[in-house]
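A.B. asks: What follows is target.cif; its format and atoms are mmCIF, C-alpha atoms and all ligand atoms.
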data_model
#
loop_
_atom_site.label_atom_id
_atom_site.label_comp_id
_atom_site.auth_asym_id
_atom_site.auth_seq_id
_atom_site.Cartn_x
_atom_site.Cartn_y
_atom_site.Cartn_z
CA MET A 1 0.00 0.00 0.00
CA ALA A 2 1.49 3.34 -1.03
CA LYS A 3 2.48 5.44 1.95
CA ILE A 4 3.37 9.09 2.52
CA LEU A 5 6.25 9.81 4.90
CA VAL A 6 5.72 12.96 7.00
CA THR A 7 8.94 14.12 8.67
CA GLY A 8 8.32 16.39 11.64
CA GLY A 9 4.89 14.77 11.75
CA THR A 10 4.20 15.76 15.39
CA GLY A 11 5.05 19.42 14.72
CA PHE A 12 2.65 22.31 14.22
CA ILE A 13 2.14 22.10 10.46
CA GLY A 14 3.13 18.43 10.22
CA SER A 15 0.41 17.23 12.61
CA HIS A 16 -2.30 19.22 10.83
CA THR A 17 -1.11 17.81 7.50
CA VAL A 18 -1.28 14.24 8.86
CA VAL A 19 -4.97 14.83 9.66
CA GLU A 20 -5.73 16.13 6.17
CA LEU A 21 -3.75 13.34 4.45
CA HIS A 22 -5.74 10.81 6.46
CA ASN A 23 -9.02 12.56 5.61
CA ALA A 24 -8.04 12.36 1.92
CA GLY A 25 -7.51 8.58 2.21
CA HIS A 26 -3.71 8.43 2.30
CA GLU A 27 -1.70 5.91 4.34
CA VAL A 28 0.78 7.91 6.44
CA ILE A 29 3.95 7.16 8.38
CA LEU A 30 5.44 9.80 10.71
CA VAL A 31 8.97 10.37 11.95
CA ASP A 32 10.05 12.97 14.49
CA ASN A 33 12.76 13.47 17.13
CA PHE A 34 10.53 15.69 19.31
CA ALA A 35 13.08 18.53 19.19
CA ASN A 36 10.20 20.98 18.77
CA SER A 37 7.08 18.93 19.57
CA SER A 38 5.54 16.54 22.11
CA PRO A 39 4.90 12.76 21.82
CA LYS A 40 1.41 13.55 23.20
CA ILE A 41 0.52 14.85 19.73
CA LEU A 42 0.41 11.21 18.54
CA ASP A 43 -2.40 10.50 21.02
CA GLN A 44 -4.19 13.66 19.96
CA LEU A 45 -3.99 12.60 16.30
CA GLU A 46 -5.54 9.25 17.24
CA VAL A 47 -8.42 11.00 19.03
CA ILE A 48 -9.04 13.32 16.06
CA THR A 49 -8.85 10.64 13.33
CA GLY A 50 -9.54 7.38 15.19
CA LYS A 51 -6.28 6.04 13.72
CA LYS A 52 -3.09 5.09 15.56
CA PHE A 53 -0.51 6.29 13.06
CA GLU A 54 2.67 4.37 12.28
CA PHE A 55 5.46 6.33 13.92
CA GLU A 56 9.23 6.05 14.40
CA GLU A 57 11.35 8.35 16.56
CA LEU A 58 14.19 9.32 14.24
CA ASP A 59 16.81 12.07 14.09
CA LEU A 60 17.24 12.76 10.37
CA CYS A 61 20.80 13.96 11.01
CA GLU A 62 21.81 10.35 11.69
CA GLU A 63 22.61 9.18 8.16
CA ALA A 64 22.84 5.42 8.86
CA LYS A 65 19.51 5.41 10.72
CA VAL A 66 17.80 7.34 7.92
CA LYS A 67 19.13 4.87 5.32
CA ALA A 68 17.97 1.91 7.44
CA PHE A 69 14.52 3.44 7.96
CA VAL A 70 14.00 4.11 4.24
CA ALA A 71 15.28 0.61 3.30
CA ALA A 72 12.79 -0.88 5.77
CA HIS A 73 9.90 1.03 4.17
CA PRO A 74 9.88 0.42 0.39
CA GLU A 75 6.15 1.22 0.47
CA ILE A 76 6.90 4.96 0.85
CA THR A 77 5.98 6.69 -2.43
CA GLY A 78 6.09 10.31 -1.29
CA VAL A 79 7.66 12.50 1.38
CA ILE A 80 6.49 15.72 2.99
CA HIS A 81 9.54 17.14 4.72
CA PHE A 82 8.70 19.46 7.64
CA ALA A 83 11.47 18.49 10.07
CA ALA A 84 13.69 21.56 10.52
CA TYR A 85 14.53 24.21 13.08
CA LYS A 86 12.52 27.36 12.40
CA ALA A 87 13.07 30.07 15.01
CA VAL A 88 14.44 33.19 13.32
CA GLY A 89 15.96 34.72 16.47
CA GLU A 90 17.52 31.47 17.70
CA SER A 91 19.09 30.91 14.28
CA VAL A 92 20.97 34.23 14.61
CA GLN A 93 22.43 33.09 17.97
CA HIS A 94 23.19 29.50 16.84
CA PRO A 95 23.83 29.50 13.07
CA LEU A 96 25.80 26.23 12.97
CA LYS A 97 23.03 24.39 14.83
CA TYR A 98 20.61 25.54 12.11
CA TYR A 99 22.87 24.85 9.12
CA LYS A 100 23.78 21.37 10.38
CA ASN A 101 20.28 20.26 11.31
CA ASN A 102 18.39 21.71 8.36
CA PHE A 103 20.90 20.60 5.69
CA PHE A 104 22.00 17.21 7.09
CA SER A 105 18.37 16.11 7.47
CA LEU A 106 17.48 17.17 3.92
CA ILE A 107 20.57 15.62 2.31
CA ASN A 108 20.26 12.37 4.29
CA LEU A 109 16.66 11.98 3.10
CA LEU A 110 17.51 12.62 -0.56
CA ASN A 111 20.42 10.17 -0.40
CA ALA A 112 18.37 7.48 1.38
CA PHE A 113 15.77 7.66 -1.41
CA ASP A 114 18.56 7.77 -3.99
CA SER A 115 16.87 10.92 -5.38
CA LYS A 116 14.02 8.86 -6.76
CA ILE A 117 10.89 10.05 -4.88
CA ASP A 118 8.02 12.59 -4.84
CA PHE A 119 9.19 15.20 -2.35
CA VAL A 120 7.23 18.13 -0.91
CA PHE A 121 9.49 20.65 0.81
CA SER A 122 8.47 23.09 3.55
CA SER A 123 9.84 26.44 2.40
CA SER A 124 8.98 29.98 3.40
CA CYS A 125 8.10 33.44 2.07
CA THR A 126 11.13 34.58 4.02
CA VAL A 127 13.13 33.82 0.86
CA TYR A 128 11.61 36.93 -0.72
CA GLY A 129 12.85 39.34 1.94
CA GLN A 130 11.11 42.67 1.30
CA PRO A 131 9.69 42.13 -2.21
CA ASP A 132 9.97 44.97 -4.75
CA THR A 133 6.37 44.45 -5.85
CA LEU A 134 3.34 43.14 -3.96
CA PRO A 135 1.64 40.74 -3.98
CA VAL A 136 4.82 38.70 -4.48
CA THR A 137 4.86 35.97 -7.14
CA GLU A 138 6.96 32.78 -7.24
CA SER A 139 9.10 34.33 -9.98
CA ALA A 140 10.16 37.23 -7.75
CA ALA A 141 13.85 37.53 -6.94
CA VAL A 142 15.06 35.58 -3.93
CA LYS A 143 16.83 38.07 -1.68
CA LYS A 144 19.67 37.62 0.80
CA ALA A 145 17.98 36.21 3.89
CA GLU A 146 17.84 38.30 7.07
CA SER A 147 18.68 35.25 9.23
CA PRO A 148 20.45 31.89 9.11
CA TYR A 149 16.97 30.31 9.35
CA GLY A 150 15.88 32.10 6.19
CA ASN A 151 19.20 31.23 4.57
CA THR A 152 18.64 27.53 5.25
CA LYS A 153 15.37 27.75 3.31
CA GLN A 154 17.01 29.54 0.39
CA ILE A 155 19.98 27.18 0.20
CA ALA A 156 17.71 24.12 0.64
CA GLU A 157 15.74 25.27 -2.42
CA GLU A 158 19.04 25.57 -4.34
CA ILE A 159 20.08 22.06 -3.20
CA LEU A 160 16.75 20.72 -4.42
CA THR A 161 16.83 22.61 -7.72
CA GLU A 162 20.36 21.46 -8.54
CA THR A 163 19.66 17.86 -7.48
CA CYS A 164 16.48 17.75 -9.58
CA ALA A 165 18.47 18.99 -12.57
CA VAL A 166 20.49 15.73 -12.56
CA SER A 167 17.87 13.39 -11.05
CA PRO A 168 14.97 12.86 -13.47
CA GLU A 169 13.15 10.59 -11.00
CA LEU A 170 13.21 13.17 -8.20
CA PHE A 171 10.04 15.29 -8.28
CA VAL A 172 10.11 18.23 -5.84
CA THR A 173 7.47 20.78 -4.91
CA SER A 174 8.69 23.63 -2.70
CA LEU A 175 5.83 25.26 -0.80
CA ARG A 176 6.58 28.81 0.35
CA TYR A 177 4.46 29.42 3.44
CA PHE A 178 3.48 32.89 4.46
CA ASN A 179 2.48 33.12 8.13
CA PRO A 180 0.87 29.90 9.44
CA VAL A 181 -1.48 30.52 12.40
CA GLY A 182 -4.52 28.99 14.08
CA ALA A 183 -5.30 25.43 15.13
CA HIS A 184 -7.49 22.42 14.33
CA GLU A 185 -11.21 22.95 15.04
CA SER A 186 -11.05 20.21 17.69
CA ALA A 187 -8.53 22.36 19.68
CA LEU A 188 -6.60 19.12 20.28
CA ILE A 189 -3.57 20.15 18.19
CA GLY A 190 -2.01 23.55 17.51
CA GLU A 191 1.16 25.56 17.79
CA LEU A 192 3.37 24.54 20.76
CA PRO A 193 5.94 27.34 21.15
CA ILE A 194 8.95 26.51 23.34
CA GLY A 195 9.69 29.35 25.79
CA VAL A 196 8.57 32.91 25.07
CA PRO A 197 6.81 32.93 21.68
CA GLN A 198 8.60 35.04 19.06
CA ASN A 199 5.65 34.85 16.65
CA LEU A 200 2.75 37.27 16.96
CA VAL A 201 -0.27 34.98 17.29
CA PRO A 202 1.03 32.58 19.97
CA PHE A 203 2.18 35.63 21.94
CA ILE A 204 -1.31 37.15 21.61
CA THR A 205 -3.03 33.98 22.87
CA GLN A 206 -0.55 33.55 25.76
CA SER A 207 -1.00 37.21 26.71
CA ALA A 208 -4.79 36.82 26.59
CA ILE A 209 -4.70 33.73 28.81
CA GLY A 210 -2.45 35.50 31.33
CA LYS A 211 0.72 33.54 30.63
CA ARG A 212 2.53 36.63 29.25
CA GLY A 213 2.33 40.35 29.86
CA ALA A 214 1.31 43.05 27.40
CA ILE A 215 1.93 42.57 23.71
CA THR A 216 4.52 44.86 22.14
CA VAL A 217 3.63 45.96 18.64
CA HIS A 218 7.03 45.98 16.93
CA GLY A 219 6.80 49.32 15.16
CA ALA A 220 3.91 51.54 14.14
CA ASP A 221 5.94 53.89 11.93
CA TYR A 222 6.02 51.73 8.80
CA ASN A 223 4.74 53.03 5.49
CA THR A 224 1.47 51.07 5.84
CA PRO A 225 -2.14 52.28 6.37
CA ASP A 226 -2.01 52.00 10.18
CA GLY A 227 1.79 52.09 10.52
CA SER A 228 2.21 48.48 11.69
CA ALA A 229 3.82 45.76 9.58
CA ILE A 230 1.78 43.66 7.19
CA ARG A 231 1.90 39.87 6.69
CA ASP A 232 -0.18 37.23 4.89
CA TYR A 233 -1.60 35.08 7.73
CA ILE A 234 -2.90 31.69 6.63
CA HIS A 235 -4.86 29.13 8.66
CA VAL A 236 -2.76 26.06 9.36
CA VAL A 237 -5.62 23.80 8.21
CA ASP A 238 -5.73 25.56 4.82
CA LEU A 239 -1.96 25.13 4.67
CA ALA A 240 -2.29 21.42 5.47
CA LYS A 241 -4.84 20.94 2.68
CA ALA A 242 -2.41 22.54 0.21
CA HIS A 243 0.11 19.79 1.03
CA VAL A 244 -2.48 17.14 0.14
CA ALA A 245 -3.06 18.96 -3.15
CA ALA A 246 0.70 19.05 -3.79
CA ILE A 247 1.03 15.29 -3.21
CA LYS A 248 -1.94 14.69 -5.53
CA ARG A 249 -0.29 16.80 -8.28
CA LEU A 250 2.91 14.77 -7.96
CA GLU A 251 1.11 11.39 -7.87
CA SER A 252 -0.87 12.28 -10.98
CA LYS A 253 2.36 13.28 -12.76
CA ALA A 254 0.75 16.66 -13.51
CA ALA A 255 3.88 18.60 -12.62
CA ALA A 256 5.14 20.82 -15.44
CA SER A 257 8.74 20.03 -14.47
CA ASN A 258 10.43 18.00 -11.73
CA TYR A 259 11.00 21.13 -9.63
CA GLU A 260 8.08 23.46 -8.90
CA VAL A 261 7.44 26.26 -6.40
CA PHE A 262 4.09 27.49 -5.03
CA ASN A 263 3.13 30.31 -2.66
CA LEU A 264 0.86 29.26 0.18
CA GLY A 265 -0.94 32.32 1.48
CA THR A 266 -4.33 33.95 1.27
CA GLY A 267 -3.20 36.72 -1.08
CA LYS A 268 -4.38 39.22 1.54
CA GLY A 269 -2.17 41.30 3.84
CA SER A 270 -3.13 42.05 7.44
CA SER A 271 -1.32 44.46 9.76
CA VAL A 272 -0.33 43.66 13.34
CA LEU A 273 -2.98 46.07 14.63
CA GLU A 274 -5.59 44.43 12.37
CA VAL A 275 -4.67 41.00 13.79
CA ILE A 276 -5.05 42.36 17.33
CA GLN A 277 -8.43 43.85 16.38
CA ALA A 278 -9.53 40.58 14.73
CA PHE A 279 -8.58 38.62 17.85
CA GLU A 280 -10.54 40.95 20.14
CA SER A 281 -13.66 41.04 17.94
CA SER A 282 -13.73 37.30 17.20
CA THR A 283 -13.07 36.10 20.76
CA GLY A 284 -14.53 38.94 22.86
CA GLU A 285 -11.21 39.07 24.77
CA LYS A 286 -9.62 42.46 25.41
CA LEU A 287 -5.88 42.55 24.69
CA ASN A 288 -3.26 44.57 26.53
CA TYR A 289 -0.74 45.97 24.02
CA ALA A 290 1.65 48.84 23.54
CA ILE A 291 3.55 50.25 20.57
CA GLY A 292 7.29 49.57 20.71
CA PRO A 293 10.29 49.96 18.42
CA ARG A 294 10.65 48.04 15.16
CA ARG A 295 12.14 44.51 15.44
CA GLU A 296 15.55 43.92 13.84
CA GLY A 297 15.27 41.94 10.62
CA ASP A 298 11.54 42.49 10.05
CA VAL A 299 10.29 43.39 6.60
CA GLU A 300 7.65 46.12 6.29
CA GLN A 301 5.10 44.15 4.31
CA VAL A 302 4.84 40.87 2.46
CA TYR A 303 1.81 39.04 1.11
CA GLY A 304 1.52 36.45 -1.62
CA ASP A 305 0.19 36.25 -5.14
CA VAL A 306 -1.57 32.86 -4.98
CA THR A 307 -2.73 32.62 -8.60
CA LYS A 308 -0.24 29.87 -9.45
CA SER A 309 -1.31 27.76 -6.47
CA ALA A 310 -4.97 28.13 -7.44
CA GLU A 311 -4.22 27.00 -11.00
CA GLY A 312 -1.51 24.40 -10.30
CA LEU A 313 -2.75 22.91 -7.04
CA GLY A 314 -6.45 23.55 -7.49
CA TRP A 315 -6.29 25.00 -3.98
CA THR A 316 -7.16 28.33 -2.35
CA ALA A 317 -7.27 29.28 1.33
CA ALA A 318 -10.83 29.26 2.69
CA LEU A 319 -10.59 30.30 6.35
CA ASP A 320 -10.51 33.96 7.36
CA LEU A 321 -8.63 35.90 10.03
CA SER A 322 -11.50 35.61 12.52
CA GLU A 323 -11.46 31.80 12.30
CA MET A 324 -7.65 31.83 12.61
CA MET A 325 -7.94 33.86 15.83
CA ARG A 326 -10.87 31.85 17.26
CA SER A 327 -9.13 28.51 16.68
CA ALA A 328 -5.83 29.77 18.11
CA TRP A 329 -7.68 30.99 21.22
CA ASN A 330 -9.58 27.68 21.64
CA TRP A 331 -6.26 25.80 21.48
CA GLU A 332 -4.69 28.12 24.11
CA LYS A 333 -7.67 27.51 26.42
CA TYR A 334 -7.36 23.76 25.86
CA LEU A 335 -3.63 23.90 26.75
CA LYS A 336 -4.44 25.72 30.00
CA GLU A 337 -6.66 22.82 31.10
CA ASN A 338 -4.43 20.13 29.54
CA PRO A 339 -0.79 21.27 29.77
CA PHE A 340 1.54 19.30 27.48
C1 LIG B 401 4.69 38.85 12.38
C2 LIG B 401 4.58 40.35 12.62
C3 LIG B 401 6.40 41.22 13.89
C4 LIG B 401 5.55 39.38 17.72
C5 LIG B 401 8.56 34.46 10.76
C6 LIG B 401 9.43 33.74 9.74
C7 LIG B 401 8.56 32.90 8.84
C8 LIG B 401 7.81 31.96 9.70
C9 LIG B 401 6.91 32.77 10.65
C10 LIG B 401 8.52 29.88 10.64
C11 LIG B 401 5.91 41.07 12.47
C12 LIG B 401 5.07 41.40 14.63
C13 LIG B 401 5.50 39.74 16.39
C14 LIG B 401 5.21 40.32 18.72
C15 LIG B 401 4.81 41.96 17.01
N1 LIG B 401 8.74 31.16 10.41
N2 LIG B 401 5.14 41.01 16.04
N3 LIG B 401 4.85 41.59 18.32
O1 LIG B 401 8.53 37.38 11.43
O2 LIG B 401 6.56 37.53 9.78
O3 LIG B 401 7.72 35.35 10.08
O4 LIG B 401 7.77 33.56 11.48
O5 LIG B 401 7.61 29.20 10.25
O6 LIG B 401 9.39 32.20 7.93
O7 LIG B 401 10.08 34.71 8.93
O8 LIG B 401 6.30 36.23 11.90
O9 LIG B 401 4.77 36.20 13.83
O10 LIG B 401 7.25 36.68 14.24
O11 LIG B 401 5.81 38.39 13.15
O12 LIG B 401 4.49 43.13 16.67
O13 LIG B 401 5.23 40.06 19.96
O14 LIG B 401 4.17 40.55 13.97
O15 LIG B 401 7.23 42.35 14.08
O16 LIG B 401 5.66 42.35 11.92
P1 LIG B 401 7.33 36.75 10.79
P2 LIG B 401 6.04 36.83 13.37
#
Represent the structure from my file as structure tokens, please.
C.D. replies:
Amino acid sequence: MAKILVTGGTGFIGSHTVVELHNAGHEVILVDNFANSSPKILDQLEVITGKKFEFEELDLCEEAKVKAFVAAHPEITGVIHFAAYKAVGESVQHPLKYYKNNFFSLINLLNAFDSKIDFVFSSSCTVYGQPDTLPVTESAAVKKAESPYGNTKQIAEEILTETCAVSPELFVTSLRYFNPVGAHESALIGELPIGVPQNLVPFITQSAIGKRGAITVHGADYNTPDGSAIRDYIHVVDLAKAHVAAIKRLESKAAASNYEVFNLGTGKGSSVLEVIQAFESSTGEKLNYAIGPRREGDVEQVYGDVTKSAEGLGWTAALDLSEMMRSAWNWEKYLKENPF
């Protein structure tokens, strides 16, 4: 039976993608080393889907173990590769940790499959930096990343492009995420930040639940309608569904070439102050926030042109900012009663 390997399958986006792959009828096998997730997510996935997923604890930096795992699972016909470190600030402090982990895991996987596999790669809009024109399309220039994290995404795309150029049986789809937020409607899985959240939405929900103090809006002097920075926030469930569409495109051999790139966003930009407003109006919770200085490395505004994804993947985001905020808040309330 054909099987899809999900690396980082107990992570934020990985776990939501496992649910949607299951809902679409795929057999799934997960690997994770729990560097940025909890084993409890496996139980949660079983409650949500009724299925106990095949799982192996595996550090993808261990080349021999990756080769042995892949050799033991010839039924794997596709890979969705989420497993990577992703904290922008931490990557600045520990660049070698990020370069080793994010490149060794990718290269070990490609070698173990002998570059003969359908491979969906978790990339990021961070590769665009501050785009010259908005909304940003997949053909926009990739700019020098602001952080080692962003650089690992850019270089990983180059590794994949160059490997595909000499590996006709390697089919890669790089998905450039904008800002994934929200949680599954069951509130049983969601984002599990380690330490103080660097990202806006988990900080908002932790502030609202009393785990953190006031929110600092990082800059209100940008050249935007309300002065705060603009991003393209996308519901993690919409993002998960796009991965199912990407696997389907690869399985049906519909890809125009063996290396393709798609933006995964809503095509709509929202400012920090608009996100705060959306959280308050959709949850009824009052937020405590103050304007502070800009954050080093932030771009002023970025949101995606998602025409190519609509045409190539037959996918568009369906859930709005209010549902993103409501689901994130429900997950935070669940965590308060059921700490991981
Ligand atoms: C969004 C906006 C902040 C916190 C990064 C990576 C991206 C992806 C998501 C991994 C910015 C502002 C934030 C706060 C604030 N990484 N903000 N107060 O930086 O757009 O994207 O994380 O998946 O690849 O680049 O996301 O949520 O950190 O920030 O005002 O307490 O919210 O300045 O304008 P970002 P973010």
A.B. asks: List as number ranges by chain: which residues have an atom within 8 Å of (-5.5, 16.0, 14.4), counting only C-alpha atoms?
C.D. replies: A: 15-16, 18-19, 44-49, 184, 186, 188-189
A.B. asks: Taking only C-alpha atoms and all ligand atoms into account, which residues have an atom no farther than 6 Å from ligand LIG 401 (chain B)? I'd like them as a PDB file with C-alpha atoms, in the coordinates of the input.
C.D. replies:
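File written: result.pdb
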ATOM      1  CA  LYS A  86      12.520  27.360  12.400  1.00  0.00           C
ATOM      2  CA  SER A 124       8.980  29.980   3.400  1.00  0.00           C
ATOM      3  CA  THR A 126      11.130  34.580   4.020  1.00  0.00           C
ATOM      4  CA  ASN A 179       2.480  33.120   8.130  1.00  0.00           C
ATOM      5  CA  GLN A 198       8.600  35.040  19.060  1.00  0.00           C
ATOM      6  CA  ASN A 199       5.650  34.850  16.650  1.00  0.00           C
ATOM      7  CA  LEU A 200       2.750  37.270  16.960  1.00  0.00           C
ATOM      8  CA  PHE A 203       2.180  35.630  21.940  1.00  0.00           C
ATOM      9  CA  ILE A 215       1.930  42.570  23.710  1.00  0.00           C
ATOM     10  CA  THR A 216       4.520  44.860  22.140  1.00  0.00           C
ATOM     11  CA  VAL A 217       3.630  45.960  18.640  1.00  0.00           C
ATOM     12  CA  HIS A 218       7.030  45.980  16.930  1.00  0.00           C
ATOM     13  CA  ALA A 229       3.820  45.760   9.580  1.00  0.00           C
ATOM     14  CA  VAL A 272      -0.330  43.660  13.340  1.00  0.00           C
ATOM     15  CA  ARG A 295      12.140  44.510  15.440  1.00  0.00           C
ATOM     16  CA  ASP A 298      11.540  42.490  10.050  1.00  0.00           C
TER      17      ASP A 298
END
A.B. asks: Ranking A:Lys100, A:Lys67, A:Lys268, A:His26 by minimum distance to A:Leu321 and counting only C-alpha atoms, which one comes first?
C.D. replies: A:Lys268
A.B. asks: When you look at A:Asn258 with a cut-off of 8 Å (counting all atoms listed in the file), what residues show up, excluding the ones that are within fewer than 4 positions of it in the same chain? I need them as a list in words.
C.D. replies: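 Answer for this query is Cys164, Pro168, Glu169, Leu170, Phe171, Val172 and Thr173 of chain A.
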A.B. asks: Could you check which of A:Glu158, A:Glu323, A:Asp305, A:Glu90 is closest to A:Pro197, using only C-alpha atoms?
C.D. replies: A:Glu90
A.B. asks: As an exercise, work out the distance from atom CA of A:Ile4 to atom CA of A:Val120 in Å and give it to one decimal place.
C.D. replies: 10.4 Å
A.B. asks: Separation of atom CA of A:His235 and atom CA of A:Arg176, in Å?
C.D. replies: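 Going from atom CA of A:His235 over to atom CA of A:Arg176 covers 14.1 Å.
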A.B. asks: Just checking: using all atoms listed in the file, which residue out of A:Val299, A:Ala35, A:Ile159, A:Ala183 ends up closest to A:Pro202?
C.D. replies: A:Ala183
A.B. asks: Residues near A:Asn101, anyone? I mean within 9 Å using only C-alpha atoms, not counting same-chain ones fewer than 2 positions away, as a PyMOL selection string.
C.D. replies: chain A and resi 60-61+84-85+96-99+103-106
A.B. asks: Mind working out the centre and edge lengths of an axis-aligned box for stretch 120-125 of chain A, all listed atoms inside, 5 Å added to each side, rounded to one decimal in Å and written as lines of an AutoDock Vina configuration file?
C.D. replies:
center_x = 8.5
center_y = 25.8
center_z = 1.3
size_x = 12.6
size_y = 25.3
size_z = 14.5
A.B. asks: Which one of A:Phe279, A:Tyr128, A:Tyr177, A:Tyr222 sits closest to A:Ala242 if you count all atoms listed in the file?
C.D. replies: A:Tyr177
A.B. asks: Find, counting all atoms listed in the file, the residue in A:Ala214, A:Lys286, A:Gly314, A:Ile41 that gets nearest to A:Lys248.
C.D. replies: A:Gly314
